[in-house]
file coords_9.tsv (TSV, C-alpha atoms)
chain	number	residue	atom	x	y	z
P	34	MET	CA	-49.10	-92.22	-31.69
P	35	ARG	CA	-48.83	-90.05	-28.63
P	36	LEU	CA	-50.32	-86.60	-29.03
P	37	ARG	CA	-48.97	-83.41	-27.52
P	38	PHE	CA	-51.17	-80.63	-26.22
P	39	PRO	CA	-50.25	-77.31	-24.62
P	40	MET	CA	-51.24	-76.73	-21.00
P	41	LYS	CA	-54.17	-74.39	-20.45
P	42	PRO	CA	-52.60	-71.22	-19.04
P	43	ALA	CA	-53.65	-68.80	-16.38
P	44	VAL	CA	-54.57	-65.32	-17.54
P	45	LEU	CA	-51.83	-62.83	-16.71
P	46	PRO	CA	-52.92	-59.45	-15.34
P	47	PHE	CA	-52.65	-56.11	-17.18
P	48	LEU	CA	-50.40	-57.20	-20.01
P	49	VAL	CA	-51.48	-60.36	-21.79
P	50	VAL	CA	-54.16	-62.98	-22.20
P	51	SER	CA	-53.17	-66.47	-23.33
P	52	LEU	CA	-55.00	-68.41	-26.02
P	53	VAL	CA	-54.56	-72.17	-26.25
P	54	PHE	CA	-55.95	-74.63	-28.78
P	55	LEU	CA	-56.01	-78.41	-28.53
P	56	SER	CA	-53.78	-80.48	-30.75
P	57	ARG	CA	-54.90	-83.34	-32.97
P	58	SER	CA	-53.20	-85.90	-35.13
P	59	ALA	CA	-52.26	-84.96	-38.67
P	60	VAL	CA	-53.05	-87.21	-41.57
P	61	GLY	CA	-51.29	-86.42	-44.85
P	62	ILE	CA	-51.13	-82.95	-46.36
P	63	ARG	CA	-54.18	-80.76	-46.64
P	64	ASN	CA	-55.02	-77.15	-47.40
P	65	ILE	CA	-55.84	-74.59	-44.73
P	66	PRO	CA	-58.89	-72.47	-45.61
P	67	GLY	CA	-57.94	-69.02	-46.84
P	68	ARG	CA	-60.71	-67.27	-44.96
P	69	ILE	CA	-61.09	-67.63	-41.20
P	70	ALA	CA	-63.64	-65.74	-39.11
P	71	GLY	CA	-64.18	-63.20	-41.86
P	72	PHE	CA	-60.50	-62.40	-42.35
P	73	ASP	CA	-58.83	-62.99	-45.72
P	74	ILE	CA	-55.54	-64.69	-45.06
P	75	VAL	CA	-52.99	-66.60	-47.10
P	76	GLN	CA	-53.41	-70.34	-47.50
P	77	PHE	CA	-50.95	-72.80	-46.01
P	78	VAL	CA	-50.55	-76.53	-46.32
P	79	GLU	CA	-50.26	-78.69	-43.25
P	80	ALA	CA	-46.64	-79.28	-42.24
P	81	PRO	CA	-45.22	-82.79	-42.02
P	82	GLU	CA	-45.13	-84.42	-38.61
P	83	TYR	CA	-41.77	-84.15	-36.87
P	84	ARG	CA	-41.36	-86.64	-34.01
P	85	ASN	CA	-38.80	-87.22	-31.28
P	86	GLY	CA	-36.18	-89.90	-31.51
P	87	LYS	CA	-35.58	-92.43	-28.77
P	88	GLU	CA	-32.77	-90.34	-27.30
P	89	CYS	CA	-35.12	-87.43	-26.50
P	90	ALA	CA	-36.37	-86.75	-22.99
P	91	SER	CA	-40.10	-87.32	-22.70
P	92	GLN	CA	-42.34	-84.52	-21.53
P	93	SER	CA	-44.66	-84.85	-18.60
P	94	SER	CA	-48.34	-84.64	-19.49
P	95	ASN	CA	-51.63	-85.14	-17.69
P	96	ARG	CA	-54.54	-87.39	-18.57
P	97	GLU	CA	-55.70	-84.98	-21.28
P	98	ASN	CA	-52.21	-85.06	-22.86
P	99	PHE	CA	-51.54	-81.40	-22.11
P	100	VAL	CA	-47.86	-80.48	-22.11
P	101	SER	CA	-47.11	-77.87	-19.49
P	102	SER	CA	-44.91	-74.93	-20.42
P	103	CYS	CA	-43.28	-75.52	-17.03
P	104	ASP	CA	-41.85	-78.88	-18.11
P	105	PRO	CA	-38.05	-78.67	-17.53
P	106	SER	CA	-37.31	-80.80	-20.61
P	107	LEU	CA	-38.65	-78.16	-23.02
P	108	VAL	CA	-36.77	-75.78	-25.27
P	109	HIS	CA	-38.63	-72.46	-25.19
P	110	VAL	CA	-38.82	-70.25	-28.29
P	111	ALA	CA	-40.58	-66.88	-28.33
P	112	MET	CA	-41.69	-65.14	-31.53
P	113	THR	CA	-44.16	-62.47	-32.51
P	114	LEU	CA	-47.18	-63.40	-34.63
P	115	ASP	CA	-49.05	-60.98	-36.88
P	116	SER	CA	-50.77	-60.94	-40.26
P	117	GLU	CA	-48.01	-58.96	-42.00
P	118	TYR	CA	-45.20	-61.36	-41.12
P	119	LEU	CA	-47.30	-64.50	-40.74
P	120	ARG	CA	-45.77	-66.23	-43.75
P	121	GLY	CA	-42.31	-65.64	-42.33
P	122	SER	CA	-43.31	-66.90	-38.90
P	123	ILE	CA	-44.78	-70.11	-40.32
P	124	ALA	CA	-41.60	-70.76	-42.32
P	125	ALA	CA	-39.45	-70.06	-39.25
P	126	VAL	CA	-41.37	-72.56	-37.11
P	127	HIS	CA	-41.19	-75.11	-39.90
P	128	SER	CA	-37.41	-74.72	-40.12
P	129	VAL	CA	-36.96	-75.12	-36.37
P	130	LEU	CA	-38.99	-78.33	-36.32
P	131	ARG	CA	-37.37	-79.79	-39.42
P	132	HIS	CA	-33.85	-79.53	-38.00
P	133	ALA	CA	-34.51	-80.09	-34.29
P	134	SER	CA	-33.15	-83.33	-32.82
P	135	CYS	CA	-36.17	-83.41	-30.47
P	136	PRO	CA	-38.90	-81.40	-32.22
P	137	GLU	CA	-41.64	-82.38	-29.77
P	138	ASN	CA	-39.60	-80.82	-26.97
P	139	VAL	CA	-39.78	-77.35	-28.53
P	140	PHE	CA	-42.45	-75.11	-27.01
P	141	PHE	CA	-43.37	-71.94	-28.89
P	142	HIS	CA	-44.58	-68.76	-27.21
P	143	PHE	CA	-46.25	-66.50	-29.78
P	144	ILE	CA	-46.88	-62.84	-28.96
P	145	ALA	CA	-49.78	-61.40	-30.99
P	146	ALA	CA	-50.83	-57.77	-31.29
P	147	GLU	CA	-54.10	-56.82	-29.67
P	148	PHE	CA	-55.40	-54.93	-32.71
P	149	ASP	CA	-53.93	-56.89	-35.61
P	150	PRO	CA	-56.26	-57.21	-38.64
P	151	ALA	CA	-56.25	-60.95	-37.92
P	152	SER	CA	-57.28	-61.49	-34.33
P	153	PRO	CA	-55.02	-63.54	-32.05
P	154	ARG	CA	-57.69	-66.25	-32.05
P	155	VAL	CA	-57.63	-66.43	-35.84
P	156	LEU	CA	-53.84	-66.60	-35.88
P	157	SER	CA	-53.90	-69.30	-33.20
P	158	ARG	CA	-56.28	-71.44	-35.20
P	159	LEU	CA	-54.14	-71.08	-38.29
P	160	VAL	CA	-50.97	-72.12	-36.44
P	161	ARG	CA	-52.83	-75.11	-34.99
P	162	SER	CA	-54.11	-76.10	-38.43
P	163	THR	CA	-50.66	-75.85	-39.96
P	164	PHE	CA	-48.83	-77.59	-37.09
P	165	PRO	CA	-51.42	-79.90	-35.46
P	166	SER	CA	-49.05	-81.39	-32.87
P	167	LEU	CA	-47.18	-78.22	-31.96
P	168	SER	CA	-46.99	-77.24	-28.29
P	169	PHE	CA	-47.57	-73.51	-28.09
P	170	LYS	CA	-49.35	-70.59	-26.48
P	171	VAL	CA	-50.47	-67.32	-28.00
P	172	TYR	CA	-50.36	-64.26	-25.79
P	173	ILE	CA	-52.21	-61.03	-26.57
P	174	PHE	CA	-49.85	-58.08	-26.29
P	175	ARG	CA	-51.54	-54.89	-25.18
P	176	GLU	CA	-50.15	-52.23	-27.48
P	177	ASP	CA	-50.92	-49.42	-25.04
P	178	THR	CA	-48.23	-50.90	-22.81
P	179	VAL	CA	-45.57	-49.40	-25.07
P	180	ILE	CA	-47.26	-47.17	-27.65
P	181	ASN	CA	-46.50	-43.92	-25.79
P	182	LEU	CA	-42.81	-44.82	-25.54
P	183	ILE	CA	-42.25	-45.42	-29.26
P	184	SER	CA	-40.46	-42.79	-31.32
P	185	SER	CA	-40.45	-42.43	-35.10
P	186	SER	CA	-37.85	-44.57	-36.86
P	187	ILE	CA	-35.97	-44.78	-40.14
P	188	ARG	CA	-38.47	-47.42	-41.34
P	189	GLN	CA	-42.17	-47.53	-40.42
P	190	ALA	CA	-42.13	-51.27	-39.71
P	191	LEU	CA	-39.69	-50.59	-36.87
P	192	GLU	CA	-42.36	-48.46	-35.16
P	193	SER	CA	-44.80	-51.33	-34.72
P	194	PRO	CA	-45.62	-51.90	-31.02
P	195	LEU	CA	-45.16	-55.63	-31.59
P	196	ASN	CA	-41.53	-54.93	-32.49
P	197	TYR	CA	-41.06	-54.03	-28.82
P	198	ALA	CA	-42.70	-57.16	-27.40
P	199	ARG	CA	-39.28	-58.70	-26.74
P	200	ASN	CA	-38.84	-56.06	-24.00
P	201	TYR	CA	-41.74	-57.60	-22.10
P	202	LEU	CA	-41.06	-61.34	-22.29
P	203	GLY	CA	-40.23	-61.42	-18.59
P	204	ASP	CA	-43.74	-60.16	-17.86
P	205	ILE	CA	-45.57	-62.03	-20.61
P	206	LEU	CA	-44.34	-65.60	-20.28
P	207	ASP	CA	-45.23	-67.92	-17.42
P	208	ARG	CA	-43.06	-67.33	-14.36
P	209	CYS	CA	-41.87	-70.94	-14.53
P	210	VAL	CA	-40.22	-70.20	-17.89
P	211	ASP	CA	-36.79	-69.08	-16.74
P	212	ARG	CA	-35.03	-69.15	-20.10
P	213	VAL	CA	-36.11	-68.48	-23.69
P	214	ILE	CA	-34.73	-68.12	-27.20
P	215	TYR	CA	-36.16	-65.05	-28.92
P	216	LEU	CA	-36.36	-65.23	-32.72
P	217	ASP	CA	-37.52	-62.68	-35.28
P	218	SER	CA	-40.08	-63.80	-37.87
P	219	ASP	CA	-37.79	-63.31	-40.87
P	220	ILE	CA	-35.36	-66.15	-40.08
P	221	ILE	CA	-34.87	-69.79	-40.89
P	222	VAL	CA	-32.93	-72.21	-38.72
P	223	VAL	CA	-30.85	-74.84	-40.51
P	224	ASP	CA	-29.34	-76.49	-37.45
P	225	ASP	CA	-30.52	-78.12	-34.24
P	226	ILE	CA	-32.08	-75.40	-32.06
P	227	THR	CA	-30.95	-77.34	-28.98
P	228	LYS	CA	-27.38	-76.27	-29.69
P	229	LEU	CA	-28.40	-72.64	-29.33
P	230	TRP	CA	-30.51	-73.45	-26.27
P	231	ASN	CA	-27.49	-74.97	-24.53
P	232	THR	CA	-25.58	-71.68	-24.62
P	233	THR	CA	-24.11	-70.95	-21.19
P	234	LEU	CA	-24.66	-67.41	-19.95
P	235	THR	CA	-21.59	-66.93	-17.78
P	236	GLY	CA	-21.37	-64.84	-14.65
P	237	SER	CA	-24.37	-62.56	-14.30
P	238	ARG	CA	-25.01	-62.11	-18.00
P	239	VAL	CA	-28.67	-61.84	-18.94
P	240	ILE	CA	-28.58	-62.34	-22.71
P	241	GLY	CA	-26.46	-64.12	-25.29
P	242	ALA	CA	-26.19	-63.14	-28.96
P	243	PRO	CA	-23.64	-63.04	-31.77
P	244	GLU	CA	-21.56	-59.86	-31.40
P	245	TYR	CA	-20.05	-57.82	-34.25
P	246	CYS	CA	-17.24	-55.78	-32.74
P	247	HIS	CA	-15.91	-54.70	-36.14
P	248	ALA	CA	-19.09	-52.69	-36.79
P	249	ASN	CA	-19.01	-48.91	-36.29
P	250	PHE	CA	-20.84	-48.75	-32.97
P	251	THR	CA	-21.11	-44.96	-32.97
P	252	LYS	CA	-23.48	-44.94	-35.96
P	253	TYR	CA	-26.29	-46.48	-33.92
P	254	PHE	CA	-26.69	-43.24	-31.97
P	255	THR	CA	-27.10	-39.63	-33.00
P	256	SER	CA	-24.64	-36.79	-32.56
P	257	SER	CA	-26.94	-35.51	-29.83
P	258	PHE	CA	-26.17	-38.64	-27.84
P	259	TRP	CA	-22.40	-38.52	-28.30
P	260	SER	CA	-22.20	-34.78	-27.61
P	261	ASP	CA	-24.23	-35.01	-24.42
P	262	PRO	CA	-22.04	-34.51	-21.33
P	263	GLY	CA	-23.49	-37.49	-19.50
P	264	LEU	CA	-25.14	-40.04	-21.81
P	265	PRO	CA	-22.02	-41.65	-23.35
P	266	GLY	CA	-20.88	-42.42	-19.82
P	267	SER	CA	-23.50	-45.16	-19.73
P	268	PHE	CA	-20.91	-47.34	-21.50
P	269	SER	CA	-18.26	-46.66	-18.87
P	270	GLY	CA	-16.46	-49.85	-17.88
P	271	ARG	CA	-17.76	-51.70	-20.93
P	272	LYS	CA	-16.40	-52.36	-24.41
P	273	PRO	CA	-19.67	-52.13	-26.34
P	274	CYS	CA	-20.16	-54.10	-29.53
P	275	TYR	CA	-23.11	-54.20	-31.89
P	276	PHE	CA	-25.42	-57.21	-31.66
P	277	ASN	CA	-28.69	-57.94	-33.43
P	278	THR	CA	-31.72	-58.44	-31.19
P	279	GLY	CA	-33.47	-60.76	-33.66
P	280	VAL	CA	-31.72	-63.80	-32.15
P	281	MET	CA	-31.14	-63.86	-28.40
P	282	VAL	CA	-30.87	-66.39	-25.60
P	283	MET	CA	-32.41	-64.74	-22.53
P	284	ASP	CA	-32.21	-65.62	-18.84
P	285	LEU	CA	-35.63	-64.49	-17.68
P	286	VAL	CA	-34.85	-65.00	-13.99
P	287	ARG	CA	-31.98	-62.51	-14.16
P	288	TRP	CA	-34.05	-60.30	-16.46
P	289	ARG	CA	-36.85	-60.04	-13.91
P	290	GLU	CA	-34.55	-59.68	-10.92
P	291	GLY	CA	-32.56	-56.94	-12.63
P	292	SER	CA	-35.63	-54.98	-13.77
P	293	TYR	CA	-34.28	-54.83	-17.31
P	294	ARG	CA	-37.62	-54.01	-18.85
P	295	GLU	CA	-37.68	-50.83	-16.76
P	296	LYS	CA	-34.10	-49.99	-17.76
P	297	ILE	CA	-35.00	-50.26	-21.44
P	298	GLU	CA	-38.10	-48.14	-20.92
P	299	THR	CA	-35.99	-45.45	-19.24
P	300	TRP	CA	-33.89	-45.10	-22.38
P	301	MET	CA	-37.03	-44.96	-24.50
P	302	GLN	CA	-38.26	-42.09	-22.35
P	303	ILE	CA	-34.97	-40.26	-22.83
P	304	GLN	CA	-35.27	-40.82	-26.59
P	305	LYS	CA	-38.66	-39.09	-26.60
P	306	LYS	CA	-36.98	-35.98	-25.18
P	307	LYS	CA	-33.56	-35.90	-26.85
P	308	ARG	CA	-33.67	-38.02	-30.04
P	309	ILE	CA	-30.57	-40.08	-29.31
P	310	TYR	CA	-31.10	-42.83	-31.93
P	311	GLU	CA	-32.98	-43.65	-35.17
P	312	LEU	CA	-33.45	-47.43	-35.27
P	313	GLY	CA	-36.50	-48.43	-33.25
P	314	SER	CA	-36.17	-51.15	-30.61
P	315	LEU	CA	-32.46	-52.01	-31.11
P	316	PRO	CA	-30.64	-49.02	-29.54
P	317	PRO	CA	-32.21	-49.35	-26.06
P	318	PHE	CA	-30.93	-52.95	-25.95
P	319	LEU	CA	-27.48	-51.74	-26.97
P	320	LEU	CA	-27.54	-49.07	-24.28
P	321	VAL	CA	-28.42	-51.58	-21.58
P	322	PHE	CA	-26.48	-54.66	-22.66
P	323	ALA	CA	-23.71	-53.85	-25.18
P	324	GLY	CA	-20.39	-54.92	-23.73
P	325	ASP	CA	-22.02	-57.38	-21.35
P	326	VAL	CA	-23.43	-59.93	-23.81
P	327	GLU	CA	-22.52	-63.62	-23.91
P	328	ALA	CA	-20.91	-63.92	-27.34
P	329	ILE	CA	-22.53	-66.66	-29.44
P	330	ASP	CA	-20.96	-68.00	-32.62
P	331	HIS	CA	-21.80	-65.85	-35.66
P	332	ARG	CA	-23.25	-68.90	-37.39
P	333	TRP	CA	-26.39	-68.35	-35.29
P	334	ASN	CA	-27.26	-65.03	-36.90
P	335	GLN	CA	-26.26	-64.56	-40.51
P	336	HIS	CA	-28.20	-61.30	-40.52
P	337	GLY	CA	-28.67	-58.45	-42.96
P	338	LEU	CA	-29.95	-60.66	-45.80
P	339	GLY	CA	-32.84	-58.23	-46.30
P	340	GLY	CA	-30.43	-55.44	-47.21
P	341	ASP	CA	-30.53	-52.04	-45.55
P	342	ASN	CA	-33.58	-50.29	-44.13
P	343	VAL	CA	-34.13	-48.15	-47.24
P	344	ARG	CA	-33.48	-50.14	-50.42
P	345	GLY	CA	-33.51	-53.75	-49.22
P	346	SER	CA	-30.87	-54.74	-51.76
P	347	CYS	CA	-29.39	-58.23	-52.16
P	348	ARG	CA	-26.57	-59.32	-49.91
P	349	SER	CA	-24.34	-62.35	-49.62
P	350	LEU	CA	-23.55	-64.49	-46.59
P	351	HIS	CA	-20.69	-63.75	-44.25
P	352	LYS	CA	-17.85	-66.23	-44.48
P	353	GLY	CA	-18.12	-69.22	-42.19
P	354	PRO	CA	-20.60	-71.92	-41.22
P	355	VAL	CA	-24.31	-71.16	-41.08
P	356	SER	CA	-26.93	-72.28	-38.55
P	357	LEU	CA	-29.46	-69.47	-38.92
P	358	LEU	CA	-30.23	-67.09	-41.78
P	359	HIS	CA	-31.83	-63.76	-40.98
P	360	TRP	CA	-33.47	-61.42	-43.50
P	361	SER	CA	-33.16	-58.34	-41.32
P	362	GLY	CA	-33.54	-55.14	-43.31
P	363	LYS	CA	-36.26	-53.98	-45.67
P	364	GLY	CA	-36.27	-56.90	-48.13
P	365	LYS	CA	-38.21	-60.02	-47.15
P	366	PRO	CA	-37.81	-63.27	-49.11
P	367	TRP	CA	-41.53	-64.03	-49.51
P	368	VAL	CA	-42.17	-60.56	-50.95
P	369	ARG	CA	-39.26	-60.72	-53.39
P	370	LEU	CA	-40.15	-64.27	-54.47
P	371	ASP	CA	-43.77	-63.32	-55.14
P	372	GLU	CA	-42.68	-60.26	-57.10
P	373	LYS	CA	-40.36	-62.50	-59.16
P	374	ARG	CA	-37.30	-60.46	-58.26
P	375	PRO	CA	-35.65	-62.71	-55.66
P	376	CYS	CA	-32.13	-62.42	-54.41
P	377	PRO	CA	-30.03	-65.61	-54.67
P	378	LEU	CA	-30.27	-66.34	-50.96
P	379	ASP	CA	-34.06	-66.03	-50.97
P	380	HIS	CA	-34.18	-69.48	-52.57
P	381	LEU	CA	-32.74	-70.91	-49.35
P	382	TRP	CA	-35.83	-69.66	-47.50
P	383	GLU	CA	-38.25	-71.13	-50.04
P	384	PRO	CA	-38.13	-74.84	-49.00
P	385	TYR	CA	-39.56	-73.90	-45.59
P	386	ASP	CA	-42.42	-71.85	-47.02
P	387	LEU	CA	-45.78	-73.58	-46.53
P	388	TYR	CA	-47.76	-71.02	-48.49
P	389	GLU	CA	-50.09	-73.01	-50.75
P	390	HIS	CA	-49.47	-71.07	-53.97
P	391	LYS	CA	-45.75	-71.51	-53.51
P	392	ILE	CA	-46.21	-75.28	-53.19
P	393	GLU	CA	-47.99	-75.31	-56.54
P	394	ARG	CA	-45.24	-73.18	-58.09
P	395	ALA	CA	-42.25	-75.19	-56.87
P	396	LYS	CA	-43.29	-78.64	-55.68
P	397	ASP	CA	-39.77	-79.96	-55.78
P	398	GLN	CA	-38.62	-77.35	-53.18
P	399	SER	CA	-35.25	-77.28	-54.87
P	400	PHE	CA	-32.60	-74.63	-54.36
P	401	LEU	CA	-33.06	-73.66	-58.04
P	402	GLY	CA	-29.62	-74.76	-59.13
P	403	PHE	CA	-27.89	-74.77	-55.74
P	404	SER	CA	-27.39	-78.25	-54.33
P	405	SER	CA	-26.73	-76.92	-50.83
P	406	LEU	CA	-26.20	-73.81	-48.78
P	407	SER	CA	-22.45	-74.41	-48.82
P	408	GLU	CA	-22.32	-73.58	-52.53
P	409	LEU	CA	-23.30	-70.01	-51.72
P	410	THR	CA	-20.63	-69.26	-49.14
P	411	GLU	CA	-17.01	-70.13	-48.64
P	412	ASP	CA	-16.03	-72.35	-45.71
P	413	SER	CA	-19.66	-73.06	-44.87
P	414	SER	CA	-21.39	-76.19	-43.62
P	415	PHE	CA	-25.05	-77.07	-44.02
P	416	LEU	CA	-25.66	-79.11	-40.92
call {"tool": "encode", "arguments": {"input": "coords_9.tsv", "output": "structure tokens"}}
result
Amino acid sequence: MRLRFPMKPAVLPFLVVSLVFLSRSAVGIRNIPGRIAGFDIVQFVEAPEYRNGKECASQSSNRENFVSSCDPSLVHVAMTLDSEYLRGSIAAVHSVLRHASCPENVFFHFIAAEFDPASPRVLSRLVRSTFPSLSFKVYIFREDTVINLISSSIRQALESPLNYARNYLGDILDRCVDRVIYLDSDIIVVDDITKLWNTTLTGSRVIGAPEYCHANFTKYFTSSFWSDPGLPGSFSGRKPCYFNTGVMVMDLVRWREGSYREKIETWMQIQKKKRIYELGSLPPFLLVFAGDVEAIDHRWNQHGLGGDNVRGSCRSLHKGPVSLLHWSGKGKPWVRLDEKRPCPLDHLWEPYDLYEHKIERAKDQSFLGFSSLSELTEDSSFL
């Protein structure tokens, strides 16, 4: 069996440091210790091995079986990694691998907070233990890069510096990575991630995401913004639509060339002075990109399953096929399941959960009465 190892990275200046751990073969299912380097952390079981089929392109590797992040055959996925959302991140990775046509060709870039209660090294070891053959890097995100730009938000979780790490992917990731899929930690993918990866960004577009043009776009900004004599003019020549930044395909070459990180930071600086929005990291993206986004099928972000940002109430799926479910909002499926007050759709997240206590509670990983995702939504397809 051929093993896959991530390439040892160079250390990037000023912003991040990369941590890499060697892969090893996995034999059966085993428990991951619940205490690593003095930090109490939830226990996970080792994920099954997911291997490429014959139709998959092989990666180039050196004598030590390192897989370089610069390999052109790879699908790049970026996610944040922290102790609070760790269980969600593990489930998200598991879902991507389970449904990928070429799982060994998926390379994960994890962005970890510098001062998380679980150090980036601890988190890296846990990911390696759970997914022994996974190709990945962990980058340490310096929170002081953005901390002075963050304003208070409607929900405290939206004020986390790590929530803004997506703004810095062009600086964080290796320069040879010219394209990446960004995913939030509260998602599961139930389709082949390669389909999303193959999205064409037409013209000079920098990002692709599902758009929701029926949404009331004005509500994402305050009256101070709309009454300002100059600020609304930023949308001149565009027909802005809401999009959710938890699922994006990003052209990092165009991102870097267009200095889009700086453009987002400029709006964050204006926010500090004029209070033009309430919702954390989303509005600056809307200000820069809304109306110039490559529209991706809605199936790739069935968002809002966590309810609103205050109550986190249960919600149903939008009509249509589903490739990705997203628990954006206050309610998270692992919290509601543990508190024994789950919403119906939370049971669709549960089969991807590798938390040890959950395995003991529901070994059959059933949908608790639902034979498939399609039973919960009209005109839906589950792969």
call {"tool": "residues_near_point", "arguments": {"input": "coords_9.tsv", "point": "(-28.0, -35.1, -25.3)", "cutoff": "10 Å", "atoms": "all atoms listed in the file", "output": "JSON, numbers by chain"}}
result
{"P": [255, 256, 257, 258, 259, 260, 261, 262, 263, 264, 265, 303, 304, 306, 307, 308, 309]}
call {"tool": "residues_near_point", "arguments": {"input": "coords_9.tsv", "point": "(-42.8, -64.0, -44.2)", "cutoff": "10 Å", "atoms": "all atoms listed in the file", "output": "list of chain:residue names"}}
result
P:Ser116, P:Glu117, P:Tyr118, P:Leu119, P:Arg120, P:Gly121, P:Ser122, P:Ile123, P:Ala124, P:Ala125, P:Ser218, P:Asp219, P:Ile220, P:Trp360, P:Lys365, P:Pro366, P:Trp367, P:Val368, P:Trp382, P:Asp386, P:Tyr388
call {"tool": "write_last_selection", "arguments": {"input": "coords_9.tsv", "atoms": "C-alpha atoms", "output": "short mmCIF file (atom, residue, chain, number, x, y, z; two decimals), in the coordinates of the input"}}
result
data_model
loop_
_atom_site.label_atom_id
_atom_site.label_comp_id
_atom_site.auth_asym_id
_atom_site.auth_seq_id
_atom_site.Cartn_x
_atom_site.Cartn_y
_atom_site.Cartn_z
CA SER P 116 -50.77 -60.94 -40.26
CA GLU P 117 -48.01 -58.96 -42.00
CA TYR P 118 -45.20 -61.36 -41.12
CA LEU P 119 -47.30 -64.50 -40.74
CA ARG P 120 -45.77 -66.23 -43.75
CA GLY P 121 -42.31 -65.64 -42.33
CA SER P 122 -43.31 -66.90 -38.90
CA ILE P 123 -44.78 -70.11 -40.32
CA ALA P 124 -41.60 -70.76 -42.32
CA ALA P 125 -39.45 -70.06 -39.25
CA SER P 218 -40.08 -63.80 -37.87
CA ASP P 219 -37.79 -63.31 -40.87
CA ILE P 220 -35.36 -66.15 -40.08
CA TRP P 360 -33.47 -61.42 -43.50
CA LYS P 365 -38.21 -60.02 -47.15
CA PRO P 366 -37.81 -63.27 -49.11
CA TRP P 367 -41.53 -64.03 -49.51
CA VAL P 368 -42.17 -60.56 -50.95
CA TRP P 382 -35.83 -69.66 -47.50
CA ASP P 386 -42.42 -71.85 -47.02
CA TYR P 388 -47.76 -71.02 -48.49
#
call {"tool": "closest_atom_pairs", "arguments": {"input": "coords_9.tsv", "of": "region 343-394 of chain P", "to": "region 126-138 of chain P", "cutoff": "9 Å", "atoms": "all atoms listed in the file", "output": "CSV"}}
result
residue,atom,partner,partner_atom,distance
P:Pro384,CA,P:Ser128,CA,8.9
P:Tyr385,CA,P:Ser128,CA,5.9
P:Asp386,CA,P:His127,CA,7.9
P:Leu387,CA,P:His127,CA,8.2
call {"tool": "write_last_selection", "arguments": {"input": "coords_9.tsv", "atoms": "C-alpha atoms", "output": "PDB file, in the frame of the given file"}}
result
ATOM      1  CA  PRO P 384     -38.130 -74.840 -49.000  1.00  0.00           C
ATOM      2  CA  TYR P 385     -39.560 -73.900 -45.590  1.00  0.00           C
ATOM      3  CA  ASP P 386     -42.420 -71.850 -47.020  1.00  0.00           C
ATOM      4  CA  LEU P 387     -45.780 -73.580 -46.530  1.00  0.00           C
TER       5      LEU P 387
END
call {"tool": "closest_residue", "arguments": {"input": "coords_9.tsv", "among": "P:Ile183, P:Ala146, P:Val286, P:Tyr215", "to": "Val108 (chain P)", "atoms": "only C-alpha atoms"}}
result
P:Tyr215
call {"tool": "axis_aligned_box", "arguments": {"input": "coords_9.tsv", "around": "region 73-90 of chain P", "padding_each_side": "6 Å", "output": "lines of an AutoDock Vina configuration file"}}
result
center_x = -45.8
center_y = -77.7
center_z = -35.2
size_x = 38.1
size_y = 41.4
size_z = 36.5
call {"tool": "atom_distance", "arguments": {"input": "coords_9.tsv", "atom1": "CA of Arg212 (chain P)", "atom2": "CA of Phe140 (chain P)"}}
result
11.8 Å
call {"tool": "atom_distance", "arguments": {"input": "coords_9.tsv", "atom1": "CA of Ala242 (chain P)", "atom2": "CA of Leu350 (chain P)"}}
result
17.9 Å
call {"tool": "closest_residue", "arguments": {"input": "coords_9.tsv", "among": "P:Pro153, P:Pro243, P:Gly339, P:Gly353", "to": "Asp379 (chain P)", "atoms": "all atoms listed in the file"}}
result
P:Gly339
